[in-house]
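A.B. asks: Handing over query-v2.pdb, PDB, N, CA and C atoms.
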ATOM      1  N   MET A 399     -29.309  53.813 137.924
ATOM      2  CA  MET A 399     -28.266  54.521 137.221
ATOM      3  C   MET A 399     -27.086  53.607 136.923
ATOM      4  N   THR A 400     -26.726  52.789 137.893
ATOM      5  CA  THR A 400     -25.597  51.887 137.706
ATOM      6  C   THR A 400     -25.892  50.902 136.584
ATOM      7  N   THR A 401     -27.097  50.362 136.586
ATOM      8  CA  THR A 401     -27.483  49.428 135.525
ATOM      9  C   THR A 401     -27.497  50.134 134.179
ATOM     10  N   ALA A 402     -27.979  51.358 134.141
ATOM     11  CA  ALA A 402     -28.032  52.116 132.885
ATOM     12  C   ALA A 402     -26.636  52.362 132.331
ATOM     13  N   CYS A 403     -25.699  52.745 133.180
ATOM     14  CA  CYS A 403     -24.358  53.035 132.663
ATOM     15  C   CYS A 403     -23.647  51.755 132.230
ATOM     16  N   CYS A 404     -23.889  50.656 132.934
ATOM     17  CA  CYS A 404     -23.282  49.391 132.520
ATOM     18  C   CYS A 404     -23.912  48.893 131.228
ATOM     19  N   GLY A 405     -25.205  49.100 131.068
ATOM     20  CA  GLY A 405     -25.869  48.763 129.816
ATOM     21  C   GLY A 405     -25.322  49.585 128.664
ATOM     22  N   TYR A 406     -25.079  50.855 128.916
ATOM     23  CA  TYR A 406     -24.487  51.752 127.914
ATOM     24  C   TYR A 406     -23.131  51.211 127.464
ATOM     25  N   LYS A 407     -22.375  50.647 128.394
ATOM     26  CA  LYS A 407     -21.055  50.089 128.073
ATOM     27  C   LYS A 407     -21.154  48.710 127.421
ATOM     28  N   GLY A 408     -22.369  48.166 127.344
ATOM     29  CA  GLY A 408     -22.557  46.852 126.734
ATOM     30  C   GLY A 408     -22.223  45.696 127.667
ATOM     31  N   LEU A 409     -22.218  45.969 128.963
ATOM     32  CA  LEU A 409     -21.874  44.934 129.941
ATOM     33  C   LEU A 409     -23.106  44.118 130.315
ATOM     34  N   PRO A 410     -22.907  42.861 130.640
ATOM     35  CA  PRO A 410     -24.051  42.020 131.038
ATOM     36  C   PRO A 410     -24.545  42.374 132.432
ATOM     37  N   ASP A 411     -25.749  41.910 132.753
ATOM     38  CA  ASP A 411     -26.364  42.198 134.046
ATOM     39  C   ASP A 411     -25.581  41.602 135.214
ATOM     40  N   ASP A 412     -24.730  40.637 134.941
ATOM     41  CA  ASP A 412     -23.933  40.039 136.014
ATOM     42  C   ASP A 412     -22.463  40.465 135.947
ATOM     43  N   CYS A 413     -22.207  41.629 135.331
ATOM     44  CA  CYS A 413     -20.832  42.122 135.250
ATOM     45  C   CYS A 413     -20.288  42.418 136.653
ATOM     46  N   GLU A 414     -18.995  42.525 136.730
ATOM     47  CA  GLU A 414     -18.339  42.737 138.024
ATOM     48  C   GLU A 414     -18.797  44.027 138.700
ATOM     49  N   GLU A 415     -18.964  45.094 137.927
ATOM     50  CA  GLU A 415     -19.371  46.371 138.493
ATOM     51  C   GLU A 415     -20.738  46.265 139.177
ATOM     52  N   LEU A 416     -21.707  45.687 138.470
ATOM     53  CA  LEU A 416     -23.049  45.543 139.053
ATOM     54  C   LEU A 416     -23.048  44.568 140.223
ATOM     55  N   THR A 417     -22.294  43.504 140.106
ATOM     56  CA  THR A 417     -22.228  42.511 141.181
ATOM     57  C   THR A 417     -21.676  43.128 142.464
ATOM     58  N   VAL A 418     -20.617  43.907 142.343
ATOM     59  CA  VAL A 418     -20.012  44.549 143.520
ATOM     60  C   VAL A 418     -20.964  45.592 144.111
ATOM     61  N   MET A 419     -21.592  46.402 143.262
ATOM     62  CA  MET A 419     -22.504  47.434 143.764
ATOM     63  C   MET A 419     -23.740  46.810 144.416
ATOM     64  N   ARG A 420     -24.247  45.735 143.863
ATOM     65  CA  ARG A 420     -25.395  45.061 144.474
ATOM     66  C   ARG A 420     -25.022  44.425 145.812
ATOM     67  N   ALA A 421     -23.826  43.860 145.887
ATOM     68  CA  ALA A 421     -23.368  43.286 147.155
ATOM     69  C   ALA A 421     -23.210  44.385 148.198
ATOM     70  N   PHE A 422     -22.714  45.544 147.788
ATOM     71  CA  PHE A 422     -22.605  46.692 148.690
ATOM     72  C   PHE A 422     -23.988  47.061 149.232
ATOM     73  N   ARG A 423     -24.960  47.133 148.346
ATOM     74  CA  ARG A 423     -26.335  47.451 148.760
ATOM     75  C   ARG A 423     -26.872  46.383 149.726
ATOM     76  N   ASP A 424     -26.727  45.121 149.349
ATOM     77  CA  ASP A 424     -27.336  44.029 150.121
ATOM     78  C   ASP A 424     -26.601  43.712 151.418
ATOM     79  N   ASN A 425     -25.284  43.833 151.409
ATOM     80  CA  ASN A 425     -24.493  43.406 152.569
ATOM     81  C   ASN A 425     -24.048  44.543 153.477
ATOM     82  N   TYR A 426     -24.157  45.769 153.004
ATOM     83  CA  TYR A 426     -23.744  46.903 153.828
ATOM     84  C   TYR A 426     -24.902  47.877 154.059
ATOM     85  N   LEU A 427     -25.415  48.448 152.974
ATOM     86  CA  LEU A 427     -26.462  49.462 153.123
ATOM     87  C   LEU A 427     -27.716  48.933 153.800
ATOM     88  N   SER A 428     -28.154  47.767 153.412
ATOM     89  CA  SER A 428     -29.423  47.244 153.926
ATOM     90  C   SER A 428     -29.367  46.883 155.407
ATOM     91  N   LYS A 429     -28.204  46.959 155.998
ATOM     92  CA  LYS A 429     -28.039  46.569 157.412
ATOM     93  C   LYS A 429     -28.255  47.714 158.398
ATOM     94  N   THR A 430     -28.424  48.938 157.888
ATOM     95  CA  THR A 430     -28.605  50.074 158.795
ATOM     96  C   THR A 430     -29.848  50.874 158.388
ATOM     97  N   PRO A 431     -30.460  51.573 159.331
ATOM     98  CA  PRO A 431     -31.613  52.415 158.978
ATOM     99  C   PRO A 431     -31.274  53.479 157.936
ATOM    100  N   VAL A 432     -30.125  54.124 158.077
ATOM    101  CA  VAL A 432     -29.717  55.151 157.113
ATOM    102  C   VAL A 432     -29.503  54.510 155.741
ATOM    103  N   GLY A 433     -28.855  53.371 155.727
ATOM    104  CA  GLY A 433     -28.618  52.671 154.469
ATOM    105  C   GLY A 433     -29.918  52.265 153.796
ATOM    106  N   ARG A 434     -30.853  51.757 154.576
ATOM    107  CA  ARG A 434     -32.153  51.369 154.013
ATOM    108  C   ARG A 434     -32.889  52.576 153.455
ATOM    109  N   ARG A 435     -32.790  53.708 154.132
ATOM    110  CA  ARG A 435     -33.429  54.931 153.627
ATOM    111  C   ARG A 435     -32.772  55.386 152.328
ATOM    112  N   CYS A 436     -31.463  55.255 152.245
ATOM    113  CA  CYS A 436     -30.763  55.618 151.010
ATOM    114  C   CYS A 436     -31.171  54.707 149.857
ATOM    115  N   ILE A 437     -31.339  53.435 150.134
ATOM    116  CA  ILE A 437     -31.818  52.498 149.113
ATOM    117  C   ILE A 437     -33.204  52.929 148.645
ATOM    118  N   GLN A 438     -34.048  53.283 149.589
ATOM    119  CA  GLN A 438     -35.408  53.714 149.252
ATOM    120  C   GLN A 438     -35.376  54.964 148.369
ATOM    121  N   ILE A 439     -34.573  55.934 148.748
ATOM    122  CA  ILE A 439     -34.457  57.159 147.958
ATOM    123  C   ILE A 439     -33.947  56.838 146.558
ATOM    124  N   TYR A 440     -32.962  55.971 146.487
ATOM    125  CA  TYR A 440     -32.406  55.586 145.190
ATOM    126  C   TYR A 440     -33.494  55.009 144.287
ATOM    127  N   TYR A 441     -34.273  54.073 144.810
ATOM    128  CA  TYR A 441     -35.299  53.437 143.984
ATOM    129  C   TYR A 441     -36.451  54.393 143.642
ATOM    130  N   GLU A 442     -36.645  55.405 144.454
ATOM    131  CA  GLU A 442     -37.655  56.411 144.136
ATOM    132  C   GLU A 442     -37.160  57.375 143.059
ATOM    133  N   GLU A 443     -35.905  57.748 143.107
ATOM    134  CA  GLU A 443     -35.366  58.798 142.239
ATOM    135  C   GLU A 443     -34.651  58.294 140.992
ATOM    136  N   ALA A 444     -33.996  57.159 141.068
ATOM    137  CA  ALA A 444     -33.174  56.683 139.946
ATOM    138  C   ALA A 444     -33.952  56.533 138.644
ATOM    139  N   PRO A 445     -35.167  55.976 138.644
ATOM    140  CA  PRO A 445     -35.877  55.858 137.357
ATOM    141  C   PRO A 445     -36.117  57.216 136.685
ATOM    142  N   ARG A 446     -36.455  58.226 137.472
ATOM    143  CA  ARG A 446     -36.673  59.565 136.917
ATOM    144  C   ARG A 446     -35.360  60.122 136.363
ATOM    145  N   ILE A 447     -34.282  59.947 137.095
ATOM    146  CA  ILE A 447     -32.988  60.462 136.659
ATOM    147  C   ILE A 447     -32.536  59.764 135.378
ATOM    148  N   VAL A 448     -32.676  58.445 135.342
ATOM    149  CA  VAL A 448     -32.289  57.696 134.139
ATOM    150  C   VAL A 448     -33.129  58.142 132.948
ATOM    151  N   ASN A 449     -34.397  58.370 133.163
ATOM    152  CA  ASN A 449     -35.265  58.849 132.084
ATOM    153  C   ASN A 449     -34.782  60.205 131.566
ATOM    154  N   GLN A 450     -34.405  61.103 132.466
ATOM    155  CA  GLN A 450     -33.865  62.407 132.065
ATOM    156  C   GLN A 450     -32.582  62.235 131.271
ATOM    157  N   ILE A 451     -31.718  61.331 131.752
ATOM    158  CA  ILE A 451     -30.441  61.099 131.069
ATOM    159  C   ILE A 451     -30.701  60.584 129.658
ATOM    160  N   GLU A 452     -31.616  59.652 129.530
ATOM    161  CA  GLU A 452     -31.914  59.063 128.220
ATOM    162  C   GLU A 452     -32.395  60.115 127.227
ATOM    163  N   LYS A 453     -33.054  61.158 127.700
ATOM    164  CA  LYS A 453     -33.564  62.223 126.839
ATOM    165  C   LYS A 453     -32.531  63.321 126.578
ATOM    166  N   SER A 454     -31.445  63.283 127.296
ATOM    167  CA  SER A 454     -30.443  64.338 127.204
ATOM    168  C   SER A 454     -29.591  64.203 125.938
ATOM    169  N   PRO A 455     -29.270  65.331 125.305
ATOM    170  CA  PRO A 455     -28.341  65.266 124.173
ATOM    171  C   PRO A 455     -26.924  64.879 124.615
ATOM    172  N   PHE A 456     -26.688  64.928 125.916
ATOM    173  CA  PHE A 456     -25.376  64.568 126.468
ATOM    174  C   PHE A 456     -25.409  63.196 127.145
ATOM    175  N   ARG A 457     -26.369  62.382 126.739
ATOM    176  CA  ARG A 457     -26.582  61.065 127.327
ATOM    177  C   ARG A 457     -25.272  60.270 127.456
ATOM    178  N   ASP A 458     -24.561  60.111 126.342
ATOM    179  CA  ASP A 458     -23.355  59.285 126.365
ATOM    180  C   ASP A 458     -22.311  59.838 127.334
ATOM    181  N   LYS A 459     -22.148  61.141 127.340
ATOM    182  CA  LYS A 459     -21.171  61.775 128.241
ATOM    183  C   LYS A 459     -21.565  61.551 129.700
ATOM    184  N   ILE A 460     -22.823  61.733 130.007
ATOM    185  CA  ILE A 460     -23.286  61.551 131.390
ATOM    186  C   ILE A 460     -23.131  60.095 131.820
ATOM    187  N   LEU A 461     -23.542  59.162 130.964
ATOM    188  CA  LEU A 461     -23.434  57.744 131.316
ATOM    189  C   LEU A 461     -21.971  57.318 131.451
ATOM    190  N   GLU A 462     -21.113  57.862 130.619
ATOM    191  CA  GLU A 462     -19.679  57.549 130.733
ATOM    192  C   GLU A 462     -19.129  58.063 132.062
ATOM    193  N   GLU A 463     -19.514  59.274 132.449
ATOM    194  CA  GLU A 463     -19.059  59.827 133.729
ATOM    195  C   GLU A 463     -19.558  58.972 134.897
ATOM    196  N   ILE A 464     -20.806  58.548 134.825
ATOM    197  CA  ILE A 464     -21.343  57.686 135.879
ATOM    198  C   ILE A 464     -20.564  56.382 135.931
ATOM    199  N   TYR A 465     -20.315  55.798 134.760
ATOM    200  CA  TYR A 465     -19.583  54.530 134.724
ATOM    201  C   TYR A 465     -18.188  54.679 135.333
ATOM    202  N   GLN A 466     -17.494  55.752 134.991
ATOM    203  CA  GLN A 466     -16.147  55.956 135.543
ATOM    204  C   GLN A 466     -16.185  56.068 137.065
ATOM    205  N   GLU A 467     -17.185  56.762 137.587
ATOM    206  CA  GLU A 467     -17.308  56.883 139.044
ATOM    207  C   GLU A 467     -17.674  55.536 139.669
ATOM    208  N   VAL A 468     -18.536  54.769 139.027
ATOM    209  CA  VAL A 468     -18.886  53.435 139.539
ATOM    210  C   VAL A 468     -17.632  52.563 139.619
ATOM    211  N   CYS A 469     -16.753  52.669 138.631
ATOM    212  CA  CYS A 469     -15.493  51.901 138.668
ATOM    213  C   CYS A 469     -14.637  52.315 139.854
ATOM    214  N   GLU A 470     -14.604  53.614 140.144
ATOM    215  CA  GLU A 470     -13.864  54.095 141.314
ATOM    216  C   GLU A 470     -14.507  53.590 142.615
ATOM    217  N   LEU A 471     -15.837  53.641 142.668
ATOM    218  CA  LEU A 471     -16.546  53.162 143.854
ATOM    219  C   LEU A 471     -16.297  51.673 144.073
ATOM    220  N   LYS A 472     -16.256  50.925 143.006
ATOM    221  CA  LYS A 472     -15.971  49.481 143.088
ATOM    222  C   LYS A 472     -14.615  49.251 143.744
ATOM    223  N   LYS A 473     -13.614  50.029 143.354
ATOM    224  CA  LYS A 473     -12.281  49.909 143.946
ATOM    225  C   LYS A 473     -12.316  50.228 145.443
ATOM    226  N   ILE A 474     -13.070  51.252 145.806
ATOM    227  CA  ILE A 474     -13.170  51.645 147.215
ATOM    228  C   ILE A 474     -13.854  50.537 148.023
ATOM    229  N   ILE A 475     -14.913  49.971 147.472
ATOM    230  CA  ILE A 475     -15.607  48.868 148.141
ATOM    231  C   ILE A 475     -14.663  47.691 148.327
ATOM    232  N   GLU A 476     -13.904  47.379 147.298
ATOM    233  CA  GLU A 476     -12.970  46.252 147.373
ATOM    234  C   GLU A 476     -11.883  46.475 148.413
ATOM    235  N   LYS A 477     -11.599  47.730 148.748
ATOM    236  CA  LYS A 477     -10.641  48.055 149.808
ATOM    237  C   LYS A 477     -11.302  48.035 151.180
ATOM    238  N   GLY A 478     -12.614  47.805 151.216
ATOM    239  CA  GLY A 478     -13.335  47.737 152.483
ATOM    240  C   GLY A 478     -13.707  49.079 153.072
ATOM    241  N   LYS A 479     -13.670  50.126 152.284
ATOM    242  CA  LYS A 479     -13.988  51.473 152.772
ATOM    243  C   LYS A 479     -15.431  51.822 152.421
ATOM    244  N   ASN A 480     -16.353  51.005 152.876
ATOM    245  CA  ASN A 480     -17.766  51.156 152.533
ATOM    246  C   ASN A 480     -18.347  52.503 152.936
ATOM    247  N   GLU A 481     -17.905  53.031 154.073
ATOM    248  CA  GLU A 481     -18.471  54.293 154.550
ATOM    249  C   GLU A 481     -18.200  55.446 153.582
ATOM    250  N   ASP A 482     -17.129  55.347 152.801
ATOM    251  CA  ASP A 482     -16.816  56.390 151.828
ATOM    252  C   ASP A 482     -17.692  56.308 150.576
ATOM    253  N   VAL A 483     -18.215  55.134 150.315
ATOM    254  CA  VAL A 483     -18.954  54.902 149.070
ATOM    255  C   VAL A 483     -20.320  55.563 149.087
ATOM    256  N   LEU A 484     -21.012  55.470 150.192
ATOM    257  CA  LEU A 484     -22.374  55.983 150.255
ATOM    258  C   LEU A 484     -22.439  57.464 149.898
ATOM    259  N   SER A 485     -21.619  58.272 150.510
ATOM    260  CA  SER A 485     -21.675  59.712 150.242
ATOM    261  C   SER A 485     -21.288  60.008 148.796
ATOM    262  N   ARG A 486     -20.314  59.305 148.267
ATOM    263  CA  ARG A 486     -19.913  59.531 146.878
ATOM    264  C   ARG A 486     -21.012  59.111 145.905
ATOM    265  N   TYR A 487     -21.709  58.021 146.215
ATOM    266  CA  TYR A 487     -22.760  57.571 145.309
ATOM    267  C   TYR A 487     -23.948  58.535 145.338
ATOM    268  N   LEU A 488     -24.292  59.013 146.519
ATOM    269  CA  LEU A 488     -25.379  59.989 146.611
ATOM    270  C   LEU A 488     -25.022  61.272 145.865
ATOM    271  N   LEU A 489     -23.786  61.701 145.983
ATOM    272  CA  LEU A 489     -23.326  62.873 145.246
ATOM    273  C   LEU A 489     -23.391  62.617 143.741
ATOM    274  N   LEU A 490     -22.973  61.448 143.319
ATOM    275  CA  LEU A 490     -23.046  61.074 141.908
ATOM    276  C   LEU A 490     -24.483  61.145 141.404
ATOM    277  N   MET A 491     -25.402  60.638 142.183
ATOM    278  CA  MET A 491     -26.804  60.649 141.813
ATOM    279  C   MET A 491     -27.312  62.085 141.660
ATOM    280  N   MET A 492     -26.956  62.938 142.604
ATOM    281  CA  MET A 492     -27.389  64.335 142.545
ATOM    282  C   MET A 492     -26.766  65.050 141.349
ATOM    283  N   GLN A 493     -25.511  64.779 141.060
ATOM    284  CA  GLN A 493     -24.854  65.414 139.926
ATOM    285  C   GLN A 493     -25.468  64.953 138.601
ATOM    286  N   ALA A 494     -25.748  63.673 138.482
ATOM    287  CA  ALA A 494     -26.378  63.155 137.261
ATOM    288  C   ALA A 494     -27.752  63.779 137.082
ATOM    289  N   ASP A 495     -28.482  63.910 138.175
ATOM    290  CA  ASP A 495     -29.794  64.546 138.129
ATOM    291  C   ASP A 495     -29.662  65.979 137.632
ATOM    292  N   GLU A 496     -28.726  66.703 138.191
ATOM    293  CA  GLU A 496     -28.533  68.113 137.828
ATOM    294  C   GLU A 496     -28.107  68.259 136.369
ATOM    295  N   LYS A 497     -27.140  67.455 135.925
ATOM    296  CA  LYS A 497     -26.666  67.544 134.539
ATOM    297  C   LYS A 497     -27.779  67.231 133.553
ATOM    298  N   SER A 498     -28.531  66.194 133.821
ATOM    299  CA  SER A 498     -29.592  65.814 132.893
ATOM    300  C   SER A 498     -30.759  66.792 132.964
ATOM    301  N   ARG A 499     -31.006  67.362 134.113
ATOM    302  CA  ARG A 499     -32.079  68.348 134.275
ATOM    303  C   ARG A 499     -31.725  69.649 133.559
ATOM    304  N   GLU A 500     -30.474  70.066 133.661
ATOM    305  CA  GLU A 500     -30.039  71.302 132.997
ATOM    306  C   GLU A 500     -30.281  71.227 131.501
ATOM    307  N   THR A 501     -29.948  70.113 130.895
ATOM    308  CA  THR A 501     -30.138  69.996 129.454
ATOM    309  C   THR A 501     -31.617  69.980 129.112
ATOM    310  N   GLN A 502     -32.433  69.370 129.954
ATOM    311  CA  GLN A 502     -33.880  69.352 129.715
ATOM    312  C   GLN A 502     -34.459  70.758 129.848
ATOM    313  N   GLU A 503     -34.011  71.509 130.850
ATOM    314  CA  GLU A 503     -34.502  72.870 131.050
ATOM    315  C   GLU A 503     -34.083  73.766 129.882
ATOM    316  N   LYS A 504     -32.851  73.591 129.370
ATOM    317  CA  LYS A 504     -32.397  74.378 128.234
ATOM    318  C   LYS A 504     -33.282  74.114 127.018
ATOM    319  N   ARG A 505     -33.624  72.857 126.810
ATOM    320  CA  ARG A 505     -34.509  72.499 125.692
ATOM    321  C   ARG A 505     -35.872  73.157 125.846
ATOM    322  N   ASN A 506     -36.399  73.143 127.051
ATOM    323  CA  ASN A 506     -37.719  73.717 127.297
ATOM    324  C   ASN A 506     -37.730  75.227 127.109
ATOM    325  N   ASN A 507     -36.589  75.876 127.373
ATOM    326  CA  ASN A 507     -36.506  77.329 127.239
ATOM    327  C   ASN A 507     -36.210  77.787 125.824
ATOM    328  N   ASP A 508     -35.744  76.886 124.979
ATOM    329  CA  ASP A 508     -35.419  77.240 123.578
ATOM    330  C   ASP A 508     -36.645  77.323 122.710
TER     331      ASP A 508
END
Could you express the structure from this file as structure tokens?
C.D. replies:
Amino acid sequence: MTTACCGYKGLPDDCEELTVMRAFRDNYLSKTPVGRRCIQIYYEEAPRIVNQIEKSPFRDKILEEIYQEVCELKKIIEKGKNEDVLSRYLLLMMQADEKSRETQEKRNND
């Protein structure tokens, strides 16, 4: 999802947002069992969620919202408040899933 929203913004793969989020994953999340499980869940679910977002008529709005939250998460990480980031990112993932799923379900019911 993070890569998708940065791509939507036209940012390169080594942009600051992706670099900070990847460092968070590699240097914080991957060091604990809970963090590793969250990484696993992310890699299992993110491709499906991104696919739903790409099909959504609200694609740009959803990706913009994700990008804005990623920018906020980046600031929190830079302040060293890593424990706050995980719950917010998981919530972001669930919200993106729900928003993109709602639009898909509406299409299917029409």
A.B. asks: Using DSSP on the backbone coordinates, identify all residues within chain A classified as alpha helix (DSSP H); present the result as a ChimeraX atom specification.
C.D. replies: /A:400-406,414-425,431-453,457-476,480-507
A.B. asks: Smallest atom-to-atom distance to Thr400 of chain A: which of A:Leu427, A:Ile464, A:Cys413, A:Ile437, using all atoms listed in the file?
C.D. replies: A:Ile464
A.B. asks: Please write as a PyMOL selection string the full residue list that the PyMOL selection byres ((chain A and resi 446-455) around 6.5) yields on this file.
C.D. replies: chain A and resi 399+442-445+456-458+494-495+498-499+501-502
A.B. asks: Between A:Arg435, A:Phe422, A:Glu414, A:Cys403, single out the one closest to Glu481 of chain A, counting only C-alpha atoms.
C.D. replies: A:Phe422
A.B. asks: Quick check, in Å to one decimal: how far apart do atom CA of Leu488 of chain A and atom N of Ile475 of chain A lie?
C.D. replies: 14.5 Å
A.B. asks: Selection in question (the file shown): the PyMOL selection byres (((chain A and resi 418 and name CA) around 10) and name CA). Which residues does it include, as a PyMOL selection string?
C.D. replies: chain A and resi 412-417+419-424+468-469+471-473+475-476
A.B. asks: For atom CA of Gln493 of chain A and atom CA of Pro410 of chain A, quote the distance in Å rounded to one decimal.
C.D. replies: 25.0 Å
A.B. asks: How far is it from atom CA of Tyr487 of chain A to atom CA of Ile439 of chain A, in Å with one decimal?
C.D. replies: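 Rounded to one decimal, the two atoms are 12.0 Å apart.
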A.B. asks: For Gly408 of chain A, which residue out of A:Arg486, A:Tyr426, A:Gly433, A:Glu462 is the nearest one, using only C-alpha atoms?
C.D. replies: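 Among the listed residues, A:Glu462 lies closest to Gly408 of chain A.
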A.B. asks: Axis-aligned box over every listed atom of segment 474-493 of chain A, padded by 4 Å per side: centre and edges in Å to one decimal, as JSON?
C.D. replies:
{"center_x": -19.0, "center_y": 55.8, "center_z": 146.6, "size_x": 24.7, "size_y": 27.2, "size_z": 23.9}
